[in-house]
Amino acid sequence: MGLAAAQMIGAGLACIALVGAGIGIGNVFGSYLEGALRNPGAAASQTTNLLLGFALCEATGLFGLVIALIILYAK
């Protein structure tokens, strides 16, 4: 196996973090929607928690993507 093949495999494995980020974002928004439908009065106070959860999940995915790009293009 050559160096280029190992880089491609490593970058693909690093992109698995994107799957986790997608699942996390789905859980965050799904839980918020479920809570907002149960208690519409409290939905406005939970918006900051929604955005914080979204940002943390998205950051995890972006870190995986950055690692994959570093593996591919850093020499």
# chains A, B, ... in the order shown; residues from 1 in each chain; ligands from 1

$ residues_around --residues "Ala21 of chain A" --least-positions-apart "6" --cutoff "10 Å" --atoms "only C-alpha atoms" --output "MDAnalysis selection string"
chainID A and resid 27 54 56:62 64

$ select_by_dssp --residues "chain A" --states "alpha helix (DSSP H)" --output "PyMOL selection string"
chain A and resi 3-14+16-38+47-73

$ decode --residues "segment 9-58 of chain A" --atoms "C-alpha atoms" --output "mmCIF file, in the first residue's frame"
data_model
loop_
_atom_site.group_PDB
_atom_site.id
_atom_site.type_symbol
_atom_site.label_atom_id
_atom_site.label_comp_id
_atom_site.auth_asym_id
_atom_site.auth_seq_id
_atom_site.Cartn_x
_atom_site.Cartn_y
_atom_site.Cartn_z
ATOM 1 C CA ILE A 9 -8.018 5.760 3.960
ATOM 2 C CA GLY A 10 -7.065 8.052 6.851
ATOM 3 C CA ALA A 11 -9.059 10.940 5.426
ATOM 4 C CA GLY A 12 -12.078 8.696 4.976
ATOM 5 C CA LEU A 13 -11.839 7.500 8.560
ATOM 6 C CA ALA A 14 -11.538 11.082 9.797
ATOM 7 C CA CYS A 15 -14.767 11.942 7.956
ATOM 8 C CA ILE A 16 -16.698 9.475 10.118
ATOM 9 C CA ALA A 17 -17.007 12.401 12.550
ATOM 10 C CA LEU A 18 -19.385 14.012 10.056
ATOM 11 C CA VAL A 19 -21.838 11.155 10.511
ATOM 12 C CA GLY A 20 -21.790 11.675 14.263
ATOM 13 C CA ALA A 21 -22.331 15.386 13.826
ATOM 14 C CA GLY A 22 -25.357 14.763 11.618
ATOM 15 C CA ILE A 23 -26.872 12.399 14.149
ATOM 16 C CA GLY A 24 -26.193 14.851 16.980
ATOM 17 C CA ILE A 25 -27.759 17.771 15.141
ATOM 18 C CA GLY A 26 -30.820 15.666 14.386
ATOM 19 C CA ASN A 27 -31.155 14.742 18.047
ATOM 20 C CA VAL A 28 -30.759 18.353 19.183
ATOM 21 C CA PHE A 29 -33.420 19.724 16.829
ATOM 22 C CA GLY A 30 -35.727 16.756 17.352
ATOM 23 C CA SER A 31 -35.622 17.145 21.116
ATOM 24 C CA TYR A 32 -36.197 20.880 20.849
ATOM 25 C CA LEU A 33 -39.190 20.383 18.565
ATOM 26 C CA GLU A 34 -40.646 17.723 20.832
ATOM 27 C CA GLY A 35 -40.274 19.979 23.868
ATOM 28 C CA ALA A 36 -41.673 22.999 22.036
ATOM 29 C CA LEU A 37 -44.748 21.048 20.976
ATOM 30 C CA ARG A 38 -45.339 19.811 24.516
ATOM 31 C CA ASN A 39 -44.864 23.223 26.132
ATOM 32 C CA PRO A 40 -44.988 26.106 23.638
ATOM 33 C CA GLY A 41 -44.575 28.701 26.379
ATOM 34 C CA ALA A 42 -41.121 27.439 27.306
ATOM 35 C CA ALA A 43 -39.847 27.146 23.729
ATOM 36 C CA ALA A 44 -38.524 30.697 23.571
ATOM 37 C CA SER A 45 -36.398 30.223 26.691
ATOM 38 C CA GLN A 46 -34.752 27.104 25.240
ATOM 39 C CA THR A 47 -33.548 28.733 22.027
ATOM 40 C CA THR A 48 -30.093 29.462 23.457
ATOM 41 C CA ASN A 49 -29.707 25.817 24.468
ATOM 42 C CA LEU A 50 -30.755 24.801 20.961
ATOM 43 C CA LEU A 51 -28.163 27.013 19.318
ATOM 44 C CA LEU A 52 -25.419 25.948 21.738
ATOM 45 C CA GLY A 53 -26.128 22.264 21.103
ATOM 46 C CA PHE A 54 -26.162 22.850 17.363
ATOM 47 C CA ALA A 55 -22.863 24.732 17.485
ATOM 48 C CA LEU A 56 -21.126 22.035 19.523
ATOM 49 C CA CYS A 57 -22.337 19.246 17.242
ATOM 50 C CA GLU A 58 -21.342 21.172 14.139
#
